[in-house]
>>> print(open('run.cif').read())   # mmCIF, C-alpha atoms
data_start
loop_
_atom_site.group_PDB
_atom_site.id
_atom_site.type_symbol
_atom_site.label_atom_id
_atom_site.label_comp_id
_atom_site.auth_asym_id
_atom_site.auth_seq_id
_atom_site.Cartn_x
_atom_site.Cartn_y
_atom_site.Cartn_z
ATOM 1 C CA MET E 223 52.414 -29.998 52.553
ATOM 2 C CA SER E 224 49.342 -29.944 50.290
ATOM 3 C CA PRO E 225 49.658 -28.459 46.805
ATOM 4 C CA VAL E 226 48.017 -25.068 46.634
ATOM 5 C CA LYS E 227 46.925 -23.342 43.466
ATOM 6 C CA VAL E 228 45.826 -19.703 43.257
ATOM 7 C CA LYS E 229 43.738 -18.336 40.400
ATOM 8 C CA ILE E 230 43.234 -14.622 39.846
ATOM 9 C CA THR E 231 40.471 -13.689 37.424
ATOM 10 C CA TYR E 232 40.696 -10.026 36.558
ATOM 11 C CA CYS E 233 38.865 -7.600 34.284
ATOM 12 C CA ALA E 234 41.312 -6.871 31.479
ATOM 13 C CA GLU E 235 38.946 -4.212 30.085
ATOM 14 C CA CYS E 236 39.115 -2.360 33.380
ATOM 15 C CA GLY E 237 42.899 -2.101 33.513
ATOM 16 C CA TYR E 238 43.286 -4.302 36.588
ATOM 17 C CA GLU E 239 46.654 -5.668 35.414
ATOM 18 C CA PRO E 240 48.700 -3.720 38.003
ATOM 19 C CA GLN E 241 46.665 -5.057 40.938
ATOM 20 C CA THR E 242 46.823 -8.560 39.468
ATOM 21 C CA LEU E 243 50.577 -8.456 39.067
ATOM 22 C CA GLU E 244 51.083 -6.938 42.523
ATOM 23 C CA LEU E 245 49.105 -9.743 44.135
ATOM 24 C CA ALA E 246 50.850 -12.413 42.070
ATOM 25 C CA LYS E 247 54.232 -10.927 42.978
ATOM 26 C CA ALA E 248 53.361 -10.798 46.665
ATOM 27 C CA LEU E 249 52.343 -14.467 46.597
ATOM 28 C CA MET E 250 55.454 -15.489 44.662
ATOM 29 C CA TYR E 251 57.781 -13.753 47.125
ATOM 30 C CA GLU E 252 55.883 -15.015 50.155
ATOM 31 C CA PHE E 253 55.460 -18.653 49.173
ATOM 32 C CA GLY E 254 57.981 -19.405 46.438
ATOM 33 C CA HIS E 255 57.671 -22.974 45.190
ATOM 34 C CA ASP E 256 55.285 -23.903 47.985
ATOM 35 C CA LEU E 257 52.625 -22.847 45.518
ATOM 36 C CA SER E 258 51.936 -25.333 42.761
ATOM 37 C CA ALA E 259 50.693 -22.601 40.389
ATOM 38 C CA ILE E 260 49.397 -19.084 40.085
ATOM 39 C CA GLU E 261 47.011 -18.738 37.175
ATOM 40 C CA LEU E 262 46.043 -15.327 35.787
ATOM 41 C CA ILE E 263 42.791 -15.271 33.824
ATOM 42 C CA PRO E 264 41.896 -12.148 31.824
ATOM 43 C CA TRP E 265 38.149 -11.622 31.907
ATOM 44 C CA ASP E 266 35.684 -8.733 31.808
ATOM 45 C CA SER E 267 32.646 -7.315 33.630
ATOM 46 C CA GLY E 268 34.603 -5.569 36.363
ATOM 47 C CA MET E 269 35.780 -8.847 37.812
ATOM 48 C CA PHE E 270 38.554 -9.404 40.343
ATOM 49 C CA ASP E 271 38.135 -12.859 41.854
ATOM 50 C CA VAL E 272 40.741 -14.858 43.731
ATOM 51 C CA THR E 273 40.340 -18.550 44.428
ATOM 52 C CA VAL E 274 42.670 -20.741 46.446
ATOM 53 C CA ASN E 275 42.293 -24.431 45.673
ATOM 54 C CA GLY E 276 38.888 -23.638 44.208
ATOM 55 C CA ASP E 277 37.604 -21.686 47.214
ATOM 56 C CA LEU E 278 36.608 -18.121 46.440
ATOM 57 C CA VAL E 279 38.526 -16.035 48.971
ATOM 58 C CA HIS E 280 37.850 -12.674 47.374
ATOM 59 C CA SER E 281 35.337 -11.388 44.870
ATOM 60 C CA MET E 282 35.153 -7.757 43.832
ATOM 61 C CA ARG E 283 31.387 -8.144 43.449
ATOM 62 C CA ARG E 284 30.993 -9.828 46.819
ATOM 63 C CA GLU E 285 33.459 -7.913 49.014
ATOM 64 C CA GLY E 286 33.975 -4.834 46.859
ATOM 65 C CA GLY E 287 37.371 -3.534 45.816
ATOM 66 C CA PHE E 288 40.617 -5.424 45.628
ATOM 67 C CA PRO E 289 41.698 -7.966 48.240
ATOM 68 C CA GLU E 290 44.085 -7.216 51.037
ATOM 69 C CA HIS E 291 47.160 -9.259 50.240
ATOM 70 C CA ASP E 292 47.189 -10.576 53.796
ATOM 71 C CA VAL E 293 43.729 -12.067 53.332
ATOM 72 C CA VAL E 294 44.896 -14.087 50.351
ATOM 73 C CA LYS E 295 48.175 -15.039 52.046
ATOM 74 C CA ARG E 296 46.266 -16.255 55.080
ATOM 75 C CA ALA E 297 44.027 -18.382 52.879
ATOM 76 C CA VAL E 298 47.091 -19.898 51.235
ATOM 77 C CA ARG E 299 48.794 -20.588 54.584
ATOM 78 C CA GLU E 300 45.710 -22.321 55.916
ATOM 79 C CA ARG E 301 45.714 -24.631 52.927
ATOM 80 C CA LEU E 302 49.415 -25.273 53.163
ATOM 81 C CA GLY E 303 48.812 -26.426 56.674
ATOM 82 C CA ALA E 304 50.959 -23.740 58.244
ATOM 83 C CA THR E 305 49.952 -21.656 61.232
ATOM 84 C CA PRO E 306 48.324 -18.454 60.026
ATOM 85 C CA THR E 307 50.055 -15.250 61.060
ATOM 86 C CA ALA E 308 48.645 -11.739 61.210
ATOM 87 C CA MET U 17 31.582 24.499 39.446
ATOM 88 C CA THR U 18 34.222 26.349 37.478
ATOM 89 C CA LEU U 19 37.011 25.099 35.306
ATOM 90 C CA THR U 20 39.414 27.630 33.871
ATOM 91 C CA ARG U 21 39.570 28.105 30.137
ATOM 92 C CA GLU U 22 43.341 27.578 30.363
ATOM 93 C CA ARG U 23 42.939 24.185 31.917
ATOM 94 C CA PHE U 24 40.244 23.205 29.458
ATOM 95 C CA ASP U 25 42.486 24.190 26.571
ATOM 96 C CA SER U 26 45.286 22.068 28.017
ATOM 97 C CA GLY U 27 43.245 18.914 27.402
ATOM 98 C CA LEU U 28 43.864 16.673 24.410
ATOM 99 C CA THR U 29 41.779 16.791 21.286
ATOM 100 C CA TYR U 30 40.231 13.504 20.228
ATOM 101 C CA ASP U 31 42.872 13.016 17.538
ATOM 102 C CA ALA U 32 45.688 13.864 19.963
ATOM 103 C CA PHE U 33 44.309 11.392 22.489
ATOM 104 C CA LYS U 34 44.276 8.684 19.832
ATOM 105 C CA LYS U 35 47.846 9.491 18.848
ATOM 106 C CA GLY U 36 48.913 9.210 22.479
ATOM 107 C CA MET U 37 47.218 5.870 23.105
ATOM 108 C CA THR U 38 49.571 3.167 24.330
ATOM 109 C CA ARG U 39 47.079 0.411 23.507
ATOM 110 C CA ASN U 40 43.686 -0.252 21.958
ATOM 111 C CA VAL U 41 44.017 2.420 19.275
ATOM 112 C CA GLU U 42 42.981 -0.164 16.663
ATOM 113 C CA ARG U 43 39.827 -0.926 18.659
ATOM 114 C CA VAL U 44 38.987 2.771 18.907
ATOM 115 C CA GLU U 45 39.492 3.257 15.185
ATOM 116 C CA ALA U 46 37.405 0.168 14.402
ATOM 117 C CA ASN U 47 34.626 1.308 16.717
ATOM 118 C CA GLU U 48 34.662 4.752 15.144
ATOM 119 C CA GLN U 49 34.235 3.153 11.731
ATOM 120 C CA ARG U 50 31.298 1.126 13.026
ATOM 121 C CA VAL U 51 29.440 4.065 14.542
ATOM 122 C CA THR U 52 26.429 5.027 12.465
ATOM 123 C CA LEU U 53 25.520 8.555 13.322
ATOM 124 C CA ASP U 54 21.873 9.185 13.965
ATOM 125 C CA ASP U 55 20.431 11.794 11.590
ATOM 126 C CA ASP U 56 18.371 13.436 14.325
ATOM 127 C CA ALA U 57 21.378 13.719 16.615
ATOM 128 C CA VAL U 58 23.546 15.213 13.872
ATOM 129 C CA ARG U 59 20.827 17.703 12.912
ATOM 130 C CA PHE U 60 20.318 18.623 16.528
ATOM 131 C CA PHE U 61 23.971 19.269 17.360
ATOM 132 C CA ARG U 62 24.533 21.149 14.111
ATOM 133 C CA SER U 63 21.635 23.416 15.019
ATOM 134 C CA LEU U 64 23.197 24.543 18.317
ATOM 135 C CA PRO U 65 23.732 28.317 18.194
ATOM 136 C CA ARG U 66 27.301 27.967 19.445
ATOM 137 C CA PRO U 67 29.715 25.149 20.268
ATOM 138 C CA VAL U 68 29.575 23.392 23.606
ATOM 139 C CA ASN U 69 32.800 22.626 25.470
ATOM 140 C CA VAL U 70 33.077 18.993 26.486
ATOM 141 C CA VAL U 71 35.520 17.815 29.155
ATOM 142 C CA VAL U 72 36.221 14.109 28.823
ATOM 143 C CA LEU U 73 37.881 11.939 31.459
ATOM 144 C CA ALA U 74 39.337 8.805 29.956
ATOM 145 C CA GLU U 75 42.083 6.169 29.988
ATOM 146 C CA ASP U 76 43.138 4.047 27.051
ATOM 147 C CA TRP U 77 42.684 0.723 28.854
ATOM 148 C CA CYS U 78 39.005 1.228 29.684
ATOM 149 C CA GLY U 79 36.438 -0.751 27.688
ATOM 150 C CA ASP U 80 33.727 1.865 28.081
ATOM 151 C CA VAL U 81 36.098 4.570 26.854
ATOM 152 C CA ILE U 82 37.060 2.461 23.855
ATOM 153 C CA ALA U 83 33.384 1.848 23.111
ATOM 154 C CA ASN U 84 31.893 5.293 23.743
ATOM 155 C CA LEU U 85 34.548 7.920 23.134
ATOM 156 C CA PRO U 86 34.497 7.207 19.353
ATOM 157 C CA VAL U 87 30.776 7.990 19.330
ATOM 158 C CA LEU U 88 31.423 11.423 20.838
ATOM 159 C CA GLY U 89 34.497 11.977 18.669
ATOM 160 C CA LYS U 90 32.655 11.169 15.470
ATOM 161 C CA LEU U 91 29.667 13.272 16.478
ATOM 162 C CA ALA U 92 31.978 16.203 17.255
ATOM 163 C CA ARG U 93 33.740 15.902 13.924
ATOM 164 C CA GLU U 94 30.518 15.655 11.915
ATOM 165 C CA THR U 95 28.703 18.514 13.643
ATOM 166 C CA GLY U 96 31.460 20.978 14.510
ATOM 167 C CA LYS U 97 29.576 21.952 17.655
ATOM 168 C CA LEU U 98 31.279 19.846 20.295
ATOM 169 C CA ASN U 99 34.635 21.217 21.419
ATOM 170 C CA VAL U 100 36.139 18.120 23.001
ATOM 171 C CA ARG U 101 39.129 18.133 25.348
ATOM 172 C CA ILE U 102 40.271 14.890 26.929
ATOM 173 C CA PHE U 103 42.039 14.453 30.289
ATOM 174 C CA TYR U 104 43.597 11.286 31.661
ATOM 175 C CA ARG U 105 41.609 10.320 34.716
ATOM 176 C CA ASP U 106 44.530 9.134 36.806
ATOM 177 C CA GLN U 107 46.432 12.384 36.265
ATOM 178 C CA ASN U 108 43.378 14.539 37.015
ATOM 179 C CA LEU U 109 41.811 13.033 40.090
ATOM 180 C CA ASP U 110 40.551 16.456 41.208
ATOM 181 C CA LEU U 111 38.331 16.471 38.125
ATOM 182 C CA MET U 112 37.344 12.850 38.695
ATOM 183 C CA GLU U 113 36.191 13.685 42.205
ATOM 184 C CA ARG U 114 33.649 16.097 40.734
ATOM 185 C CA TRP U 115 31.858 13.495 38.658
ATOM 186 C CA LEU U 116 31.986 10.301 40.686
ATOM 187 C CA ASN U 117 29.478 7.710 39.553
ATOM 188 C CA GLN U 118 26.838 7.391 42.311
ATOM 189 C CA GLY U 119 29.083 9.642 44.363
ATOM 190 C CA LYS U 120 31.754 6.970 44.870
ATOM 191 C CA PHE U 121 32.945 5.214 41.715
ATOM 192 C CA GLN U 122 35.637 6.626 39.413
ATOM 193 C CA SER U 123 33.792 5.424 36.302
ATOM 194 C CA ILE U 124 34.897 6.595 32.894
ATOM 195 C CA PRO U 125 34.346 7.961 30.388
ATOM 196 C CA VAL U 126 32.905 11.158 31.790
ATOM 197 C CA PHE U 127 31.563 13.666 29.286
ATOM 198 C CA ALA U 128 30.984 16.997 31.085
ATOM 199 C CA PHE U 129 29.408 19.851 29.158
ATOM 200 C CA PHE U 130 30.343 23.515 29.662
ATOM 201 C CA ASP U 131 29.168 26.728 28.062
ATOM 202 C CA GLU U 132 31.459 29.332 26.513
ATOM 203 C CA ASP U 133 32.046 30.896 29.946
ATOM 204 C CA MET U 134 33.030 27.493 31.323
ATOM 205 C CA ARG U 135 29.922 27.080 33.439
ATOM 206 C CA GLU U 136 29.056 23.422 33.854
ATOM 207 C CA LEU U 137 25.833 22.466 32.171
ATOM 208 C CA GLY U 138 25.583 18.755 32.784
ATOM 209 C CA HIS U 139 27.452 15.468 32.528
ATOM 210 C CA TRP U 140 27.229 11.905 31.305
ATOM 211 C CA ILE U 141 29.042 8.896 32.825
ATOM 212 C CA GLU U 142 30.273 5.512 31.596
ATOM 213 C CA ARG U 143 27.455 4.059 29.454
ATOM 214 C CA PRO U 144 23.668 4.194 29.125
ATOM 215 C CA ALA U 145 21.745 2.250 31.765
ATOM 216 C CA SER U 146 19.725 0.711 28.938
ATOM 217 C CA VAL U 147 22.914 -0.834 27.552
ATOM 218 C CA THR U 148 23.908 -2.250 30.932
ATOM 219 C CA LYS U 149 20.423 -3.746 31.275
ATOM 220 C CA LEU U 150 20.315 -5.242 27.793
ATOM 221 C CA ARG U 151 23.775 -6.770 28.087
ATOM 222 C CA ALA U 152 22.976 -8.245 31.499
ATOM 223 C CA GLU U 153 19.929 -9.948 29.960
ATOM 224 C CA LYS U 154 21.901 -11.159 26.955
ATOM 225 C CA ARG U 155 24.667 -12.368 29.233
ATOM 226 C CA ARG U 156 22.210 -14.458 31.205
ATOM 227 C CA ALA U 157 20.898 -15.848 27.907
ATOM 228 C CA VAL U 158 24.415 -16.835 26.841
ATOM 229 C CA PHE U 159 24.870 -18.808 30.057
ATOM 230 C CA ALA U 160 21.393 -20.325 29.785
ATOM 231 C CA LYS U 161 21.945 -21.732 26.308
ATOM 232 C CA ASP U 162 24.858 -23.923 27.351
ATOM 233 C CA PRO U 163 24.757 -25.799 30.662
ATOM 234 C CA SER U 164 28.521 -26.278 30.580
ATOM 235 C CA TYR U 165 28.900 -22.535 31.247
ATOM 236 C CA GLY U 166 27.390 -22.951 34.700
ATOM 237 C CA SER U 167 25.927 -19.945 36.475
ATOM 238 C CA PRO U 168 26.718 -16.340 35.527
ATOM 239 C CA ASP U 169 27.423 -15.765 39.218
ATOM 240 C CA SER U 170 29.931 -18.604 39.606
ATOM 241 C CA PRO U 171 33.673 -17.957 39.396
ATOM 242 C CA VAL U 172 34.722 -18.521 35.795
ATOM 243 C CA ASP U 173 38.051 -19.976 36.896
ATOM 244 C CA GLN U 174 36.186 -23.150 37.823
ATOM 245 C CA LEU U 175 35.406 -23.786 34.164
ATOM 246 C CA PRO U 176 37.695 -25.985 32.052
ATOM 247 C CA GLU U 177 39.892 -23.850 29.839
ATOM 248 C CA ASP U 178 38.214 -24.892 26.576
ATOM 249 C CA VAL U 179 34.774 -24.086 27.990
ATOM 250 C CA ARG U 180 36.041 -20.752 29.306
ATOM 251 C CA ASN U 181 37.424 -19.856 25.884
ATOM 252 C CA ARG U 182 34.126 -20.762 24.237
ATOM 253 C CA LEU U 183 32.225 -18.694 26.774
ATOM 254 C CA GLN U 184 34.528 -15.713 26.233
ATOM 255 C CA ALA U 185 33.936 -15.950 22.469
ATOM 256 C CA ASP U 186 30.159 -16.129 22.957
ATOM 257 C CA LEU U 187 30.226 -13.099 25.269
ATOM 258 C CA GLN U 188 32.315 -11.148 22.772
ATOM 259 C CA LYS U 189 29.836 -12.047 20.018
ATOM 260 C CA MET U 190 27.019 -10.811 22.234
ATOM 261 C CA ARG U 191 28.843 -7.516 22.848
ATOM 262 C CA ASP U 192 29.459 -7.089 19.103
ATOM 263 C CA GLU U 193 25.814 -7.756 18.278
ATOM 264 C CA THR U 194 24.601 -5.219 20.813
ATOM 265 C CA THR U 195 27.074 -2.500 19.778
ATOM 266 C CA PRO U 196 24.766 -0.785 17.236
ATOM 267 C CA PHE U 197 22.117 -0.463 19.953
ATOM 268 C CA ALA U 198 24.721 0.852 22.393
ATOM 269 C CA ASN U 199 26.021 3.456 19.944
ATOM 270 C CA ALA U 200 22.485 4.652 19.209
ATOM 271 C CA GLU U 201 21.714 4.884 22.908
ATOM 272 C CA VAL U 202 24.815 6.980 23.590
ATOM 273 C CA GLN U 203 23.746 9.446 20.898
ATOM 274 C CA ARG U 204 20.174 9.509 22.157
ATOM 275 C CA GLU U 205 21.295 10.208 25.735
ATOM 276 C CA LEU U 206 23.768 12.928 24.718
ATOM 277 C CA LYS U 207 21.113 14.591 22.583
ATOM 278 C CA GLU U 208 18.598 14.423 25.450
ATOM 279 C CA LEU U 209 21.141 15.815 27.880
ATOM 280 C CA VAL U 210 22.103 18.760 25.695
ATOM 281 C CA THR U 211 18.459 19.371 24.782
ATOM 282 C CA ALA U 212 17.827 20.073 28.443
ATOM 283 C CA LEU U 213 20.761 22.477 28.730
ATOM 284 C CA PRO U 214 20.466 26.262 28.541
ATOM 285 C CA VAL U 215 22.585 26.538 25.387
ATOM 286 C CA ARG U 216 19.831 26.816 22.809
#
>>> encode(input="run.cif", output="structure tokens")
Amino acid sequence: MSPVKVKITYCAECGYEPQTLELAKALMYEFGHDLSAIELIPWDSGMFDVTVNGDLVHSMRREGGFPEHDVVKRAVRERLGATPTA
Amino acid sequence: MTLTRERFDSGLTYDAFKKGMTRNVERVEANEQRVTLDDDAVRFFRSLPRPVNVVVLAEDWCGDVIANLPVLGKLARETGKLNVRIFYRDQNLDLMERWLNQGKFQSIPVFAFFDEDMRELGHWIERPASVTKLRAEKRRAVFAKDPSYGSPDSPVDQLPEDVRNRLQADLQKMRDETTPFANAEVQRELKELVTALPVR
């Protein structure tokens, strides 16, 4: 199983902490120690970006809004080498 | 649009809002200290024949609230003609729906002006467009001066931590340096907005 690292860059000025923590919690419960790390990066400018092993899987500017948790989970599963589920 | 006097009166004064802040109160106080009131704006608001009621939608975590509410609060205190009442956005979504930014975004702060009979006169949202434009230009300049920052459009999580910290400090410096312009622009826009209202 390949190591997978998730980074969540969120706008701290915008009060996106709850969405950040919800996503981090969902990933922690779903994948446990299969993840090598979840990094939370406080930023600004209305940002909510999620990368998985360096690949941008969600950007608030690009997609708009917050990511569906399933989208991020699927991206993680693909990189773990597991079969994606709905 | 109508808003009852009772509901308006149930809003928080600027001082009460500050007392109820769970975070960032130091930043609001510091920003208030830094605001230089424009003489023309003060003269103009003082010359209003009667006070204007101002509904504010805000939250204490929002950077634009922390930056711009102190400008309104200080102007209200100095002129005595702006009767400010503040409502938490997330507890008053029916109000938020009335003043969506571009019809879809729940941007704050909102400053909505009402006459003595609680008839809406006009509103102001978030920050001046001139400030957004200037800071976007300055932001690009910050990235351009140091190739290690990469592109402004690239995910910042790709940057090494030390570079990211340096970039964050440079962006904060840029925001600080442009604050006097931003504060002046807020006052100019509020004065222009109220100038156009039928309260004179």
>>> residues_around(input="run.cif", residues="range 47-55 of chain U", least_positions_apart="6", cutoff="10 Å", atoms="all atoms listed in the file", output="ChimeraX atom specification")
/U:41,82-91,94,195-196,198-201,203-204
>>> atom_distance(input="run.cif", atom1="CA of Arg299 in chain E", atom2="CA of Phe270 in chain E")
20.8 Å
>>> interface_residues(input="run.cif", of="chain U", to="chain E", cutoff="8 Å", atoms="all atoms listed in the file", output="NGL selection string")
:U and (77-79 or 171-174 or 184)
>>> residues_near_point(input="run.cif", point="(26.3, 7.0, 33.6)", cutoff="9 Å", atoms="all atoms listed in the file", output="PyMOL selection string")
chain U and resi 117-118+123-126+139-145
>>> closest_residue(input="run.cif", among="U:Pro67, U:Leu73, U:Phe130, U:Ser26", to="Asp110 in chain U", atoms="all atoms listed in the file")
U:Leu73
>>> resolve_selection(input="run.cif", expression="the PyMOL selection byres ((chain U and resi 190) around 12)", output="mmCIF file with C-alpha atoms, in the coordinates of the input")
data_model
loop_
_atom_site.group_PDB
_atom_site.id
_atom_site.type_symbol
_atom_site.label_atom_id
_atom_site.label_comp_id
_atom_site.auth_asym_id
_atom_site.auth_seq_id
_atom_site.Cartn_x
_atom_site.Cartn_y
_atom_site.Cartn_z
ATOM 1 C CA LEU U 150 20.315 -5.242 27.793
ATOM 2 C CA ARG U 151 23.775 -6.770 28.087
ATOM 3 C CA ALA U 152 22.976 -8.245 31.499
ATOM 4 C CA GLU U 153 19.929 -9.948 29.960
ATOM 5 C CA LYS U 154 21.901 -11.159 26.955
ATOM 6 C CA ARG U 155 24.667 -12.368 29.233
ATOM 7 C CA ARG U 156 22.210 -14.458 31.205
ATOM 8 C CA ALA U 157 20.898 -15.848 27.907
ATOM 9 C CA VAL U 158 24.415 -16.835 26.841
ATOM 10 C CA PHE U 159 24.870 -18.808 30.057
ATOM 11 C CA LEU U 183 32.225 -18.694 26.774
ATOM 12 C CA GLN U 184 34.528 -15.713 26.233
ATOM 13 C CA ALA U 185 33.936 -15.950 22.469
ATOM 14 C CA ASP U 186 30.159 -16.129 22.957
ATOM 15 C CA LEU U 187 30.226 -13.099 25.269
ATOM 16 C CA GLN U 188 32.315 -11.148 22.772
ATOM 17 C CA LYS U 189 29.836 -12.047 20.018
ATOM 18 C CA ARG U 191 28.843 -7.516 22.848
ATOM 19 C CA ASP U 192 29.459 -7.089 19.103
ATOM 20 C CA GLU U 193 25.814 -7.756 18.278
ATOM 21 C CA THR U 194 24.601 -5.219 20.813
ATOM 22 C CA THR U 195 27.074 -2.500 19.778
ATOM 23 C CA PRO U 196 24.766 -0.785 17.236
ATOM 24 C CA PHE U 197 22.117 -0.463 19.953
ATOM 25 C CA ALA U 198 24.721 0.852 22.393
#
>>> decode(input="run.cif", residues="range 42-104 of chain U", atoms="C-alpha atoms", output="PDB file, in the first residue's frame")
ATOM      1  CA  GLU U  42      -7.856  42.646  19.666  1.00  0.00           C
ATOM      2  CA  ARG U  43      -7.688  42.913  15.870  1.00  0.00           C
ATOM      3  CA  VAL U  44     -10.911  44.923  15.782  1.00  0.00           C
ATOM      4  CA  GLU U  45      -9.658  47.272  18.476  1.00  0.00           C
ATOM      5  CA  ALA U  46      -6.306  47.663  16.710  1.00  0.00           C
ATOM      6  CA  ASN U  47      -7.998  48.348  13.386  1.00  0.00           C
ATOM      7  CA  GLU U  48     -10.269  50.905  15.013  1.00  0.00           C
ATOM      8  CA  GLN U  49      -7.213  52.680  16.391  1.00  0.00           C
ATOM      9  CA  ARG U  50      -5.643  52.705  12.936  1.00  0.00           C
ATOM     10  CA  VAL U  51      -8.658  54.163  11.153  1.00  0.00           C
ATOM     11  CA  THR U  52      -8.101  57.785  10.216  1.00  0.00           C
ATOM     12  CA  LEU U  53     -11.454  59.362   9.680  1.00  0.00           C
ATOM     13  CA  ASP U  54     -11.795  61.440   6.569  1.00  0.00           C
ATOM     14  CA  ASP U  55     -12.754  65.044   7.354  1.00  0.00           C
ATOM     15  CA  ASP U  56     -15.182  65.243   4.441  1.00  0.00           C
ATOM     16  CA  ALA U  57     -16.923  62.043   5.491  1.00  0.00           C
ATOM     17  CA  VAL U  58     -17.241  63.195   9.100  1.00  0.00           C
ATOM     18  CA  ARG U  59     -18.583  66.594   8.025  1.00  0.00           C
ATOM     19  CA  PHE U  60     -21.010  64.950   5.662  1.00  0.00           C
ATOM     20  CA  PHE U  61     -22.474  62.476   8.151  1.00  0.00           C
ATOM     21  CA  ARG U  62     -22.667  65.108  10.880  1.00  0.00           C
ATOM     22  CA  SER U  63     -24.666  67.293   8.515  1.00  0.00           C
ATOM     23  CA  LEU U  64     -27.414  64.691   8.000  1.00  0.00           C
ATOM     24  CA  PRO U  65     -30.721  66.143   9.222  1.00  0.00           C
ATOM     25  CA  ARG U  66     -31.501  62.999  11.204  1.00  0.00           C
ATOM     26  CA  PRO U  67     -29.767  59.726  12.059  1.00  0.00           C
ATOM     27  CA  VAL U  68     -29.782  56.836   9.630  1.00  0.00           C
ATOM     28  CA  ASN U  69     -30.439  53.311  10.899  1.00  0.00           C
ATOM     29  CA  VAL U  70     -27.787  50.844   9.810  1.00  0.00           C
ATOM     30  CA  VAL U  71     -28.353  47.083   9.912  1.00  0.00           C
ATOM     31  CA  VAL U  72     -25.064  45.208   9.939  1.00  0.00           C
ATOM     32  CA  LEU U  73     -24.640  41.498   9.255  1.00  0.00           C
ATOM     33  CA  ALA U  74     -21.405  40.189  10.677  1.00  0.00           C
ATOM     34  CA  GLU U  75     -19.505  37.314  12.295  1.00  0.00           C
ATOM     35  CA  ASP U  76     -16.425  37.642  14.449  1.00  0.00           C
ATOM     36  CA  TRP U  77     -14.308  35.243  12.382  1.00  0.00           C
ATOM     37  CA  CYS U  78     -14.624  37.161   9.112  1.00  0.00           C
ATOM     38  CA  GLY U  79     -11.604  39.138   7.904  1.00  0.00           C
ATOM     39  CA  ASP U  80     -13.691  41.704   6.058  1.00  0.00           C
ATOM     40  CA  VAL U  81     -15.805  42.283   9.162  1.00  0.00           C
ATOM     41  CA  ILE U  82     -12.693  42.714  11.283  1.00  0.00           C
ATOM     42  CA  ALA U  83     -11.296  45.158   8.730  1.00  0.00           C
ATOM     43  CA  ASN U  84     -14.389  47.200   7.858  1.00  0.00           C
ATOM     44  CA  LEU U  85     -16.764  47.167  10.803  1.00  0.00           C
ATOM     45  CA  PRO U  86     -14.361  49.353  12.866  1.00  0.00           C
ATOM     46  CA  VAL U  87     -14.514  51.981  10.121  1.00  0.00           C
ATOM     47  CA  LEU U  88     -18.305  52.144  10.398  1.00  0.00           C
ATOM     48  CA  GLY U  89     -18.199  51.945  14.194  1.00  0.00           C
ATOM     49  CA  LYS U  90     -15.736  54.796  14.492  1.00  0.00           C
ATOM     50  CA  LEU U  91     -17.626  56.897  11.967  1.00  0.00           C
ATOM     51  CA  ALA U  92     -20.869  56.302  13.881  1.00  0.00           C
ATOM     52  CA  ARG U  93     -19.290  57.278  17.173  1.00  0.00           C
ATOM     53  CA  GLU U  94     -17.682  60.439  15.797  1.00  0.00           C
ATOM     54  CA  THR U  95     -20.732  61.696  13.907  1.00  0.00           C
ATOM     55  CA  GLY U  96     -23.673  60.561  16.027  1.00  0.00           C
ATOM     56  CA  LYS U  97     -25.735  60.084  12.879  1.00  0.00           C
ATOM     57  CA  LEU U  98     -25.374  56.374  12.239  1.00  0.00           C
ATOM     58  CA  ASN U  99     -27.566  54.216  14.462  1.00  0.00           C
ATOM     59  CA  VAL U 100     -25.818  50.874  14.101  1.00  0.00           C
ATOM     60  CA  ARG U 101     -27.347  47.526  15.051  1.00  0.00           C
ATOM     61  CA  ILE U 102     -25.422  44.339  14.379  1.00  0.00           C
ATOM     62  CA  PHE U 103     -26.864  40.868  13.687  1.00  0.00           C
ATOM     63  CA  TYR U 104     -24.963  37.599  13.478  1.00  0.00           C
TER      64      TYR U 104
END
